[in-house]
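Engineer: Handing over protein-v3.cif, mmCIF, C-alpha atoms and all ligand atoms.
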data_work
loop_
_atom_site.label_atom_id
_atom_site.label_comp_id
_atom_site.auth_asym_id
_atom_site.auth_seq_id
_atom_site.Cartn_x
_atom_site.Cartn_y
_atom_site.Cartn_z
CA MET K 1161 143.02 8.43 89.14
CA ALA K 1162 146.75 8.65 89.01
CA LEU K 1163 149.76 6.78 87.83
CA LEU K 1164 151.83 5.66 90.79
CA LYS K 1165 155.60 5.49 91.04
CA ILE K 1166 156.90 1.93 91.01
CA ALA K 1167 159.41 0.84 93.64
CA ARG K 1168 162.46 -0.94 92.28
CA MET K 1169 164.47 -3.75 93.81
CA GLY K 1170 166.58 -2.36 96.63
CA HIS K 1171 163.75 -0.30 98.13
CA PRO K 1172 162.95 -1.58 101.63
CA VAL K 1173 159.19 -1.72 100.94
CA LEU K 1174 159.85 -4.67 98.62
CA VAL K 1175 161.47 -6.86 101.27
CA ARG K 1176 159.13 -6.36 104.21
CA ARG K 1177 155.95 -8.22 105.02
CA ALA K 1178 152.95 -6.07 104.09
CA ASP K 1179 150.15 -5.33 106.54
CA PRO K 1180 146.50 -6.44 106.33
CA VAL K 1181 144.26 -4.07 104.37
CA GLY K 1182 141.65 -3.62 107.07
CA ASP K 1183 138.46 -2.45 105.34
CA PRO K 1184 138.81 -2.97 101.56
CA ALA K 1185 135.72 -0.80 101.00
CA ALA K 1186 137.38 2.24 102.60
CA PRO K 1187 137.62 5.09 100.09
CA SER K 1188 141.40 5.24 100.42
CA ILE K 1189 141.75 1.54 99.57
CA ARG K 1190 139.37 1.76 96.63
CA ALA K 1191 141.28 4.76 95.30
CA LEU K 1192 144.55 2.89 95.72
CA ALA K 1193 143.15 -0.12 93.86
CA ARG K 1194 141.96 2.08 90.97
CA ASP K 1195 145.36 3.72 90.75
CA MET K 1196 147.11 0.34 90.85
CA VAL K 1197 144.98 -0.96 87.99
CA GLU K 1198 145.73 2.17 85.98
CA THR K 1199 149.45 1.96 86.77
CA MET K 1200 149.56 -1.73 85.83
CA ALA K 1201 147.88 -1.08 82.49
CA ASP K 1202 150.12 1.88 81.74
CA ALA K 1203 153.24 -0.18 82.47
CA GLY K 1204 152.00 -3.11 80.37
CA GLY K 1205 152.05 -5.40 83.40
CA VAL K 1206 149.86 -8.38 84.14
CA GLY K 1207 149.93 -7.99 87.89
CA LEU K 1208 150.82 -5.47 90.56
CA ALA K 1209 151.08 -5.61 94.35
CA ALA K 1210 150.63 -2.56 96.59
CA PRO K 1211 154.21 -2.69 97.96
CA GLN K 1212 155.37 -2.13 94.38
CA VAL K 1213 153.78 1.31 94.56
CA HIS K 1214 155.31 2.01 97.98
CA VAL K 1215 152.20 1.03 99.97
CA PRO K 1216 152.91 -1.81 102.43
CA LEU K 1217 149.40 -3.30 102.35
CA ARG K 1218 148.20 -6.75 101.27
CA LEU K 1219 146.41 -5.69 98.10
CA ILE K 1220 147.00 -7.05 94.58
CA ALA K 1221 145.65 -6.46 91.09
CA TRP K 1222 146.06 -8.84 88.17
CA ARG K 1223 144.86 -9.52 84.67
CA SER K 1224 142.60 -12.55 84.98
CA ALA K 1225 142.49 -15.45 82.56
CA ALA K 1226 138.97 -14.38 81.63
CA GLY K 1227 140.36 -11.08 80.36
CA GLY K 1228 139.20 -8.83 83.18
CA VAL K 1229 141.15 -7.31 86.02
CA GLY K 1230 140.94 -8.81 89.47
CA VAL K 1231 141.64 -7.04 92.74
CA LEU K 1232 142.06 -8.92 95.99
CA ALA K 1233 142.57 -7.67 99.51
CA ASP K 1234 144.43 -9.90 101.94
CA PRO K 1235 144.84 -12.66 99.36
CA VAL K 1236 145.89 -16.17 100.23
CA VAL K 1237 147.16 -18.57 97.58
CA GLU K 1238 147.74 -22.27 98.12
CA ALA K 1239 148.93 -24.94 95.74
CA LEU K 1240 146.39 -27.53 94.57
CA GLY K 1241 148.30 -30.74 94.14
CA ASP K 1242 152.03 -31.26 93.71
CA ALA K 1243 152.38 -30.33 90.04
CA THR K 1244 154.79 -27.52 89.27
CA GLU K 1245 155.88 -25.92 86.03
CA GLU K 1246 158.62 -23.60 84.90
CA GLY K 1247 157.92 -20.35 83.15
CA TRP K 1248 159.44 -16.98 82.38
CA GLU K 1249 158.72 -14.11 84.72
CA GLY K 1250 159.56 -10.47 84.84
CA CYS K 1251 158.75 -7.83 87.41
CA LEU K 1252 158.00 -4.13 87.11
CA SER K 1253 160.23 -3.68 90.17
CA VAL K 1254 163.13 -5.43 88.42
CA PRO K 1255 162.97 -3.74 85.02
CA GLY K 1256 164.59 -5.32 82.00
CA LEU K 1257 165.21 -8.78 83.46
CA ARG K 1258 163.47 -12.09 82.88
CA GLY K 1259 164.01 -15.41 84.58
CA VAL K 1260 162.63 -18.94 84.68
CA VAL K 1261 160.77 -19.68 87.90
CA PRO K 1262 159.18 -22.93 89.06
CA ARG K 1263 155.66 -22.43 90.39
CA ALA K 1264 152.68 -24.56 91.36
CA SER K 1265 150.63 -25.31 88.26
CA ARG K 1266 147.29 -24.94 89.98
CA VAL K 1267 146.30 -22.85 92.98
CA ARG K 1268 143.31 -21.99 95.05
CA TYR K 1269 143.06 -18.32 95.96
CA ALA K 1270 140.92 -16.45 98.44
CA GLY K 1271 140.60 -12.90 99.67
CA ARG K 1272 138.10 -10.06 99.69
CA ASP K 1273 136.89 -7.73 96.97
CA LEU K 1274 136.54 -3.96 97.27
CA GLU K 1275 133.09 -4.35 98.81
CA GLY K 1276 134.61 -6.49 101.52
CA ARG K 1277 132.92 -9.64 100.20
CA PRO K 1278 134.80 -12.94 100.32
CA VAL K 1279 136.17 -14.07 96.97
CA GLU K 1280 137.65 -17.43 96.13
CA GLY K 1281 138.61 -19.31 93.04
CA VAL K 1282 140.97 -21.66 91.29
CA ALA K 1283 143.62 -20.57 88.80
CA GLU K 1284 146.04 -22.54 86.70
CA GLY K 1285 148.97 -22.05 84.39
CA PHE K 1286 149.92 -18.46 83.71
CA GLU K 1287 147.24 -16.94 85.93
CA ALA K 1288 148.31 -19.19 88.82
CA ARG K 1289 151.88 -18.01 88.23
CA VAL K 1290 150.88 -14.34 88.33
CA LEU K 1291 148.94 -14.84 91.57
CA GLN K 1292 151.87 -16.60 93.24
CA HIS K 1293 154.23 -13.85 92.08
CA GLU K 1294 151.98 -11.07 93.42
CA VAL K 1295 151.29 -12.71 96.77
CA ASP K 1296 155.04 -13.23 97.15
CA HIS K 1297 155.42 -9.45 96.91
CA LEU K 1298 153.19 -9.14 99.99
CA ASP K 1299 155.68 -11.26 101.89
CA GLY K 1300 158.70 -9.32 100.67
CA VAL K 1301 159.75 -11.99 98.18
CA LEU K 1302 160.89 -11.22 94.63
CA TYR K 1303 160.85 -13.86 91.88
CA LEU K 1304 164.64 -13.94 91.81
CA SER K 1305 164.71 -15.74 95.14
CA ARG K 1306 162.31 -18.38 93.76
CA MET K 1307 164.67 -19.22 90.90
CA THR K 1308 166.56 -22.49 91.03
CA ASP K 1309 168.88 -21.87 88.07
CA LEU K 1310 170.32 -18.38 87.77
CA SER K 1311 171.81 -19.22 84.38
CA ARG K 1312 168.23 -18.77 83.18
CA LEU K 1313 168.13 -15.14 84.29
CA GLY K 1314 168.90 -12.43 81.79
CA PHE K 1315 168.10 -9.13 80.23
CA GLN K 1316 164.97 -9.40 78.13
CA GLU K 1317 166.73 -7.77 75.21
CA GLU K 1318 169.54 -10.34 75.19
CA LEU K 1319 167.17 -13.26 75.72
CA ALA K 1320 165.05 -12.11 72.79
CA ARG K 1321 168.16 -11.77 70.63
CA ALA K 1322 169.31 -15.27 71.55
CA GLU K 1323 165.85 -16.64 70.90
CA ARG K 1324 165.73 -15.10 67.46
CA ALA K 1325 169.16 -16.48 66.64
CA ALA K 1326 168.15 -19.96 67.80
CA ARG K 1327 164.98 -19.90 65.73
CA ALA K 1328 166.69 -18.92 62.48
CA PRO K 1329 170.08 -20.67 62.41
CA ALA K 1330 169.97 -21.22 58.64
CA ALA K 1331 169.07 -17.67 57.87
CA ALA K 1332 172.53 -16.19 58.23
CA GLY K 1333 172.76 -13.06 56.17
CA ASP K 1334 169.06 -12.34 56.38
CA ALA K 1335 167.96 -9.10 57.90
CA PRO K 1336 167.09 -9.42 61.59
CA GLY K 1337 163.46 -9.51 62.58
CA GLY K 1338 160.50 -11.61 61.68
CA ALA K 1339 161.26 -14.31 64.18
CA GLY K 1340 158.66 -13.14 66.64
CA ASP K 1341 159.01 -12.22 70.26
CA GLY K 1342 161.68 -13.37 72.62
CA ALA K 1343 161.45 -15.67 75.57
CA GLY K 1344 160.33 -13.03 78.00
CA ASP K 1345 157.68 -11.39 75.91
CA GLY K 1346 154.64 -9.64 77.20
CA HIS K 1347 152.42 -12.68 76.91
CA ASP K 1348 154.58 -14.75 79.16
CA ARG K 1349 155.53 -12.79 82.18
CA ALA K 1350 154.29 -11.90 85.57
CA GLU K 1351 154.91 -8.52 87.10
NI NI X 1401 156.73 -8.37 90.53
#
Would you write the structure of this file as structure tokens?
Structural biologist:
Amino acid sequence: MALLKIARMGHPVLVRRADPVGDPAAPSIRALARDMVETMADAGGVGLAAPQVHVPLRLIAWRSAAGGVGVLADPVVEALGDATEEGWEGCLSVPGLRGVVPRASRVRYAGRDLEGRPVEGVAEGFEARVLQHEVDHLDGVLYLSRMTDLSRLGFQEELARAERAARAPAAAGDAPGGAGDGAGDGHDRAE
């Protein structure tokens, strides 16, 4: 087990198309998946794609809606229906920033687990968002290029400050704090 170094925006591995995993049960892939899960947890992320740890393979890990951690090799995600929704996202490869991204509300996903068995399922809402974000990483796409309104991109710290101010307009003179988390808090982001 090891914590892996996370690639940041600007590194070429984040803008190339990743390669198929091959055999997901191979010891090297299973070790990579374990390290990705550990790295994701350590960084407080809700998802991680192999290119984010400098490995150009189609492998993702994410925190599932059920509370567990999912790992998928060669994942495919497709929208179910036309419904989309906007939500805040962040990315471990773009530290400090948060932005509003439109995504399909409901998706079907498929791939293989670490035994090489086919896996498929349906995800919606936040989990669907995380899956779309992670699979985008495999195609060299960062959430910034999915945004439609860059005025809704900002530093998490500033967004949280603005959010607090908006929530407590009548409390001028009060000590800061107590207004809860900001817009891009840890419960509402994809990595
Ligand atoms: Ni990301």
Engineer: At a cut-off of 10 Å, can you tabulate as a Markdown table every residue of stretch 1192-1292 of chain K near stretch 1309-1324 of chain K together with its closest atom pair and the distance in Å to one decimal, using only C-alpha atoms and ordering rows by chain then number?
Structural biologist:
| residue | atom | partner | partner_atom | distance |
| --- | --- | --- | --- | --- |
| K:Trp1248 | CA | K:Arg1312 | CA | 9.0 |
| K:Glu1249 | CA | K:Leu1313 | CA | 9.5 |
| K:Gly1250 | CA | K:Gln1316 | CA | 8.7 |
| K:Pro1255 | CA | K:Phe1315 | CA | 8.8 |
| K:Gly1256 | CA | K:Phe1315 | CA | 5.5 |
| K:Leu1257 | CA | K:Phe1315 | CA | 4.3 |
| K:Arg1258 | CA | K:Gly1314 | CA | 5.5 |
| K:Gly1259 | CA | K:Leu1313 | CA | 4.1 |
| K:Val1260 | CA | K:Arg1312 | CA | 5.8 |
| K:Val1261 | CA | K:Asp1309 | CA | 8.4 |
| K:Pro1262 | CA | K:Asp1309 | CA | 9.8 |
Engineer: For a quick check of understanding, using only C-alpha atoms, which of K:Ser1305, K:Cys1251, K:Gly1182, K:Asp1299 has the smallest distance to K:Gly1204?
Structural biologist: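 Counting only C-alpha atoms, the residue closest to K:Gly1204 is K:Cys1251.
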Engineer: Closest to K:Met1169 among K:Gly1228, K:Pro1184, K:Gly1205, K:Pro1211, using all atoms listed in the file?
Structural biologist: K:Pro1211
Engineer: Do you know which residues are within 8 Å of ligand NI 1401 (chain X) using all atoms listed in the file? Can you write them as a PyMOL selection string?
Structural biologist: chain K and resi 1207-1209+1212+1250-1254+1293-1294+1297+1302-1303+1350-1351
Engineer: Show which residues sit within 12 Å of K:Ala1186, as a VMD selection string. Count all atoms listed in the file, and ignore same-chain residues fewer than 4 positions away.
Structural biologist: chain K and resid 1181 to 1182 1190 to 1193 1233 1273 to 1276
Engineer: What does the structure give for the distance between atom CA of K:Leu1304 and atom CA of K:Ala1283, in Å to one decimal?
Structural biologist: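 Straight-line distance from atom CA of K:Leu1304 to atom CA of K:Ala1283 works out to 22.2 Å.
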Engineer: When you draw a straight line from atom CA of K:Pro1278 to atom CA of K:Gly1300, how long is it in Å?
Structural biologist: 24.2 Å
Engineer: When distances are computed from all atoms listed in the file, which of K:Ala1288, K:Ala1325, K:Ala1210, K:Val1301 shows the smallest separation from K:Ala1225?
Structural biologist: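 Of all the options, K:Ala1288 lies closest to K:Ala1225.
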Engineer: I'd like the interatomic distance between atom CA of K:Leu1217 and atom CA of K:Asp1242, to a tenth of an Å.
Structural biologist: 29.4 Å
Engineer: List every protein, DNA or RNA residue with an atom no more than 10 Å from (143.4, -25.4, 87.3) in the file's coordinates, counting all atoms listed in the file, and format the result as a ChimeraX atom specification.
Structural biologist: /K:1240-1241,1265-1268,1281-1285,1287-1288
Engineer: Excluding K:Asp1202 and its own-chain neighbours fewer than 4 positions away, which residues fall within 12 Å of it when counting only C-alpha atoms? Please give them as a list in words.
Structural biologist: Ala1162, Leu1163, Leu1164, Lys1165, Ile1166, Asp1195, Met1196, Val1197, Glu1198, Val1206, Gly1207, Leu1208 and Leu1252 of chain K
Engineer: List as a list in words the protein and nucleic acid residues near K:Ala1270, meaning an atom at most 6 Å away when all atoms listed in the file are counted, but skip any in the same chain fewer than 3 places from it.
Structural biologist: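 Here the answer would be Pro1235, Val1236, Val1279 and Glu1280 of chain K.
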Engineer: Give the answer as one residue: which of K:Met1161, K:Ala1178, K:Leu1291, K:Ala1328 has the shortest atom-to-atom distance to K:Arg1218, using only C-alpha atoms?
Structural biologist: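 Counting only C-alpha atoms, the residue closest to K:Arg1218 is K:Ala1178.
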